[in-house]
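Colleague: The structure is given below, and queries will be raised subsequently.
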Amino acid sequence: MERPLLNDGNQYPTDIILASVLGNSMEVYQAFVSNLSEYQIDLEWHYYNDSKSWLGKAVSKKKTVFWLSIWQGFFKVSFHFAGKTHLDIMNLPIAVDIKREIENAPIKGKLVSVAIKVSDKAHLDDIYTLMSYKQSCK
């Protein structure tokens with residue numbers, strides 16, 4: 001099973017380290033992260049022993065909006081929504097492939113999850129839409 005990179009708990013994910021892993025996707029990552037302040041979202045990096053990797057936790061007013069993981073050549077933005085929001089998400093103006101992934105995602109407990117691979121700017125608008133929706137959820 002694949003797992004995210006940045007597995008050394010003693011090596012904080014600096015821009016130099018991120019650039020070495022993300023390669024051409026670093027520019028997209030930087031654009032994405034720089035836009036988070038418009039949504040009042042802070043990205044906090046923490047090393048998690050259960051995943052044995054550094055993950056970015058995106059927080060807005062103490063609420064976790066999404067998780068960010070780093071992979072070779074891309075990053076993933078992962079959302080976890082309450083199952084009852086499924087229909088609302090399907091009505092959002094996001095790409096059909098993302099809707100299909102959400103529709104086919106198993107509900108774990110009371111949550112439905114979606115992880116979006118990002119290597120270019122194509123899905124950023126969809127991610128911003130999902131971020132705004134997640135922030136509006138109670």
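Here's how to read the names in the structure tokens: chain A, B, ... by the order shown, residue numbers from 1 in each chain, ligand numbers from 1 in the order shown.
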Excluding same-chain residues fewer than 6 positions from A:Phe81, what lies within 7 Å of it counting only C-alpha atoms, as an mmCIF file with N, CA and C atoms, in the first residue's frame?

Modeller:
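The resulting file, result-v7.cif, is shown below:
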```cif
data_model
loop_
_atom_site.group_PDB
_atom_site.id
_atom_site.type_symbol
_atom_site.label_atom_id
_atom_site.label_comp_id
_atom_site.auth_asym_id
_atom_site.auth_seq_id
_atom_site.Cartn_x
_atom_site.Cartn_y
_atom_site.Cartn_z
ATOM 1 N N LEU A 111 -18.681 9.106 8.366
ATOM 2 C CA LEU A 111 -17.939 10.001 7.482
ATOM 3 C C LEU A 111 -17.776 9.434 6.083
ATOM 4 N N VAL A 112 -17.820 10.345 5.121
ATOM 5 C CA VAL A 112 -17.456 10.020 3.747
ATOM 6 C C VAL A 112 -16.213 10.862 3.440
ATOM 7 N N SER A 113 -15.218 10.237 2.844
ATOM 8 C CA SER A 113 -13.941 10.913 2.615
ATOM 9 C C SER A 113 -13.635 10.994 1.130
#
```

Colleague: Using DSSP on the backbone coordinates, identify all residues within stretch 57-112 of chain A classified as strand (DSSP E); present the result as JSON, numbers by chain.

Modeller: {"A": [57, 58, 59, 60, 63, 64, 65, 66, 67, 68, 69, 70, 71, 74, 75, 76, 77, 78, 79, 80, 81, 82, 107, 108, 111, 112]}

Colleague: When you count only C-alpha atoms, which of these residues is closest to A:Gly56: A:Val21, A:Val118, A:Ile98, A:Leu6?

Modeller: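 Comparing A:Val21, A:Val118, A:Ile98, A:Leu6 against A:Gly56, the winner is A:Leu6.
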
Colleague: Can I get the residues of stretch 66-112 of chain A within 12 Å of stretch 22-29 of chain A, each with the closest pair of atoms and their distance in Å to one decimal, using only C-alpha atoms, sorted chain first then ascending number, as JSON lines?

Modeller:
```
{"residue": "A:Leu68", "atom": "CA", "partner": "A:Tyr29", "partner_atom": "CA", "distance": 10.4}
{"residue": "A:Ser69", "atom": "CA", "partner": "A:Leu22", "partner_atom": "CA", "distance": 11.0}
{"residue": "A:Ile70", "atom": "CA", "partner": "A:Leu22", "partner_atom": "CA", "distance": 7.5}
{"residue": "A:Trp71", "atom": "CA", "partner": "A:Leu22", "partner_atom": "CA", "distance": 7.0}
{"residue": "A:Gln72", "atom": "CA", "partner": "A:Leu22", "partner_atom": "CA", "distance": 5.8}
{"residue": "A:Gly73", "atom": "CA", "partner": "A:Leu22", "partner_atom": "CA", "distance": 4.2}
{"residue": "A:Phe74", "atom": "CA", "partner": "A:Leu22", "partner_atom": "CA", "distance": 5.5}
{"residue": "A:Phe75", "atom": "CA", "partner": "A:Leu22", "partner_atom": "CA", "distance": 7.4}
{"residue": "A:Lys76", "atom": "CA", "partner": "A:Tyr29", "partner_atom": "CA", "distance": 10.1}
{"residue": "A:Val77", "atom": "CA", "partner": "A:Tyr29", "partner_atom": "CA", "distance": 10.6}
```

Colleague: Would you write out those residues with N, CA, C and O atoms, as a PDB file, in the first residue's frame?

Modeller:
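The result, stored in again.pdb:
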```pdb
ATOM      1  N   LEU A  68      -3.578  17.581   4.389  1.00  0.00           N
ATOM      2  CA  LEU A  68      -2.715  17.639   3.219  1.00  0.00           C
ATOM      3  C   LEU A  68      -1.556  16.663   3.403  1.00  0.00           C
ATOM      4  O   LEU A  68      -0.925  16.637   4.461  1.00  0.00           O
ATOM      5  N   SER A  69      -1.320  15.848   2.392  1.00  0.00           N
ATOM      6  CA  SER A  69      -0.199  14.907   2.426  1.00  0.00           C
ATOM      7  C   SER A  69       0.650  15.103   1.174  1.00  0.00           C
ATOM      8  O   SER A  69       0.152  15.543   0.132  1.00  0.00           O
ATOM      9  N   ILE A  70       1.925  14.784   1.302  1.00  0.00           N
ATOM     10  CA  ILE A  70       2.898  14.994   0.221  1.00  0.00           C
ATOM     11  C   ILE A  70       3.303  13.648  -0.369  1.00  0.00           C
ATOM     12  O   ILE A  70       3.644  12.715   0.360  1.00  0.00           O
ATOM     13  N   TRP A  71       3.278  13.575  -1.701  1.00  0.00           N
ATOM     14  CA  TRP A  71       3.606  12.368  -2.435  1.00  0.00           C
ATOM     15  C   TRP A  71       4.629  12.747  -3.502  1.00  0.00           C
ATOM     16  O   TRP A  71       4.866  13.925  -3.754  1.00  0.00           O
ATOM     17  N   GLN A  72       5.235  11.764  -4.139  1.00  0.00           N
ATOM     18  CA  GLN A  72       6.234  12.045  -5.163  1.00  0.00           C
ATOM     19  C   GLN A  72       5.562  12.707  -6.368  1.00  0.00           C
ATOM     20  O   GLN A  72       4.788  12.078  -7.071  1.00  0.00           O
ATOM     21  N   GLY A  73       5.827  14.007  -6.560  1.00  0.00           N
ATOM     22  CA  GLY A  73       5.324  14.734  -7.721  1.00  0.00           C
ATOM     23  C   GLY A  73       3.940  15.343  -7.576  1.00  0.00           C
ATOM     24  O   GLY A  73       3.449  15.983  -8.496  1.00  0.00           O
ATOM     25  N   PHE A  74       3.281  15.143  -6.420  1.00  0.00           N
ATOM     26  CA  PHE A  74       1.955  15.731  -6.217  1.00  0.00           C
ATOM     27  C   PHE A  74       1.656  15.798  -4.723  1.00  0.00           C
ATOM     28  O   PHE A  74       2.385  15.260  -3.899  1.00  0.00           O
ATOM     29  N   PHE A  75       0.569  16.476  -4.393  1.00  0.00           N
ATOM     30  CA  PHE A  75       0.078  16.465  -3.018  1.00  0.00           C
ATOM     31  C   PHE A  75      -1.400  16.096  -3.045  1.00  0.00           C
ATOM     32  O   PHE A  75      -2.061  16.199  -4.076  1.00  0.00           O
ATOM     33  N   LYS A  76      -1.884  15.616  -1.910  1.00  0.00           N
ATOM     34  CA  LYS A  76      -3.295  15.244  -1.790  1.00  0.00           C
ATOM     35  C   LYS A  76      -3.962  16.133  -0.760  1.00  0.00           C
ATOM     36  O   LYS A  76      -3.407  16.393   0.313  1.00  0.00           O
ATOM     37  N   VAL A  77      -5.164  16.561  -1.088  1.00  0.00           N
ATOM     38  CA  VAL A  77      -6.009  17.293  -0.161  1.00  0.00           C
ATOM     39  C   VAL A  77      -7.167  16.360   0.171  1.00  0.00           C
ATOM     40  O   VAL A  77      -7.905  15.936  -0.716  1.00  0.00           O
TER      41      VAL A  77
END
```

Colleague: Neighbouring residues of A:Val65 were defined as those with any atom within 7 Å, considering only C-alpha atoms; residues of the same chain fewer than 4 positions away were excluded. Please report them as a list in words.

Modeller: Ala58, Val59, Ser60, Phe79, Met131, Lys134 and Gln135 of chain A

Colleague: Selected residues, all heavy atoms, written as a compact mmCIF listing (two decimals), in the first residue's frame, please.

Modeller:
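Produced file again-v6.txt, reproduced below:
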```
# COMPACT_ATOMS: atom_id res chain seq x y z
N ALA A 58 -5.28 21.54 8.04
CA ALA A 58 -5.82 22.86 7.71
C ALA A 58 -6.94 23.19 8.68
O ALA A 58 -7.94 22.47 8.74
CB ALA A 58 -6.32 22.88 6.28
N VAL A 59 -6.75 24.28 9.43
CA VAL A 59 -7.67 24.61 10.51
C VAL A 59 -8.25 26.01 10.30
O VAL A 59 -7.53 26.95 9.93
CB VAL A 59 -6.94 24.55 11.86
CG1 VAL A 59 -7.86 24.92 13.01
CG2 VAL A 59 -6.34 23.17 12.08
N SER A 60 -9.56 26.12 10.53
CA SER A 60 -10.24 27.41 10.51
C SER A 60 -11.10 27.50 11.76
O SER A 60 -12.02 26.69 11.94
CB SER A 60 -11.11 27.52 9.26
OG SER A 60 -11.84 28.73 9.26
N PHE A 79 -10.59 15.49 2.40
CA PHE A 79 -11.73 16.02 3.15
C PHE A 79 -12.48 14.85 3.77
O PHE A 79 -12.59 13.78 3.19
CB PHE A 79 -12.69 16.77 2.22
CG PHE A 79 -12.13 18.02 1.63
CD1 PHE A 79 -11.51 17.99 0.39
CD2 PHE A 79 -12.25 19.22 2.30
CE1 PHE A 79 -11.00 19.15 -0.17
CE2 PHE A 79 -11.74 20.39 1.74
CZ PHE A 79 -11.12 20.35 0.51
N MET A 131 -13.61 23.44 0.33
CA MET A 131 -13.16 24.09 1.57
C MET A 131 -14.26 25.01 2.11
O MET A 131 -14.58 24.96 3.30
CB MET A 131 -11.90 24.94 1.31
CG MET A 131 -10.64 24.13 1.18
SD MET A 131 -9.15 25.06 0.64
CE MET A 131 -9.47 26.75 0.98
N LYS A 134 -17.10 22.94 3.50
CA LYS A 134 -16.72 22.33 4.78
C LYS A 134 -16.78 23.35 5.91
O LYS A 134 -17.25 23.06 7.01
CB LYS A 134 -15.32 21.72 4.67
CG LYS A 134 -14.79 21.11 5.93
CD LYS A 134 -15.48 19.82 6.30
CE LYS A 134 -14.86 19.24 7.55
NZ LYS A 134 -15.21 17.88 7.79
N GLN A 135 -16.33 24.57 5.63
CA GLN A 135 -16.37 25.61 6.66
C GLN A 135 -17.80 25.98 7.04
O GLN A 135 -18.04 26.36 8.17
CB GLN A 135 -15.63 26.86 6.17
CG GLN A 135 -14.13 26.69 6.16
CD GLN A 135 -13.42 27.89 5.59
OE1 GLN A 135 -13.66 28.28 4.44
NE2 GLN A 135 -12.55 28.50 6.38
```

Colleague: Can you tell me how far atom CA of A:Trp67 sits from atom CA of A:Asp88, in Å to one decimal?

Modeller: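 Result for atom CA of A:Trp67 versus atom CA of A:Asp88: 20.7 Å, one decimal.
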
Colleague: Pick from A:Leu124, A:Val96, A:Ile102, A:Ile41: nearest to A:Lys62, with only C-alpha atoms counted?

Modeller: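 When distances to A:Lys62 are compared using only C-alpha atoms, the smallest one comes from A:Ile41.
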
Colleague: Work out how far atom CA of A:Glu38 is from atom CA of A:Lys99, in Å to one decimal.

Modeller: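 Atom-to-atom, atom CA of A:Lys99 and atom CA of A:Glu38 are spaced 24.7 Å apart.
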
Colleague: Residues at most 10 Å from stretch 49-52 of chain A, counting only C-alpha atoms, excluding those fewer than 6 positions away in the same chain, as number ranges by chain?

Modeller: A: 3-9

Colleague: Please write the residues from the selection above to a file, keeping N, CA and C atoms, as a tab-separated table (two decimals), in the first residue's frame.

Modeller:
```tsv
chain	number	residue	atom	x	y	z
A	3	ARG	N	2.01	5.04	0.68
A	3	ARG	CA	1.80	5.96	1.79
A	3	ARG	C	2.53	7.26	1.47
A	4	PRO	N	2.11	8.33	2.12
A	4	PRO	CA	2.73	9.62	1.82
A	4	PRO	C	4.21	9.64	2.18
A	5	LEU	N	4.90	10.59	1.61
A	5	LEU	CA	6.32	10.77	1.90
A	5	LEU	C	6.48	11.65	3.14
A	6	LEU	N	7.66	12.20	3.32
A	6	LEU	CA	8.01	13.00	4.50
A	6	LEU	C	7.90	12.13	5.76
A	7	ASN	N	8.65	11.03	5.76
A	7	ASN	CA	8.54	10.04	6.83
A	7	ASN	C	9.52	10.22	7.97
A	8	ASP	N	10.44	11.17	7.87
A	8	ASP	CA	11.40	11.39	8.94
A	8	ASP	C	10.82	12.40	9.93
A	9	GLY	N	10.45	11.90	11.09
A	9	GLY	CA	9.84	12.75	12.11
A	9	GLY	C	10.74	13.87	12.61
```

Colleague: In Å to one decimal, how far is atom CA of A:Ile107 from atom CA of A:Gly83?

Modeller: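 For atom CA of A:Gly83 relative to atom CA of A:Ile107, the distance reads 6.7 Å.
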
Colleague: May I have the residues within 7 Å of A:Glu101 as number ranges by chain, using only C-alpha atoms and disregarding those fewer than 4 positions away in the same chain?

Modeller: A: 97, 105, 114

Colleague: Produce a file of the selected residues containing N, CA and C atoms, as an mmCIF file, in the first residue's frame.

Modeller:
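Generated output (part-v8.cif):
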```
data_model
loop_
_atom_site.group_PDB
_atom_site.id
_atom_site.type_symbol
_atom_site.label_atom_id
_atom_site.label_comp_id
_atom_site.auth_asym_id
_atom_site.auth_seq_id
_atom_site.Cartn_x
_atom_site.Cartn_y
_atom_site.Cartn_z
ATOM 1 N N ASP A 97 -15.683 14.077 -11.995
ATOM 2 C CA ASP A 97 -14.850 12.975 -11.497
ATOM 3 C C ASP A 97 -14.739 13.008 -9.978
ATOM 4 N N ALA A 105 -17.338 6.526 -2.676
ATOM 5 C CA ALA A 105 -16.546 6.381 -1.448
ATOM 6 C C ALA A 105 -17.372 5.671 -0.376
ATOM 7 N N VAL A 114 -12.918 12.044 0.769
ATOM 8 C CA VAL A 114 -12.434 12.189 -0.597
ATOM 9 C C VAL A 114 -11.032 12.776 -0.535
#
```
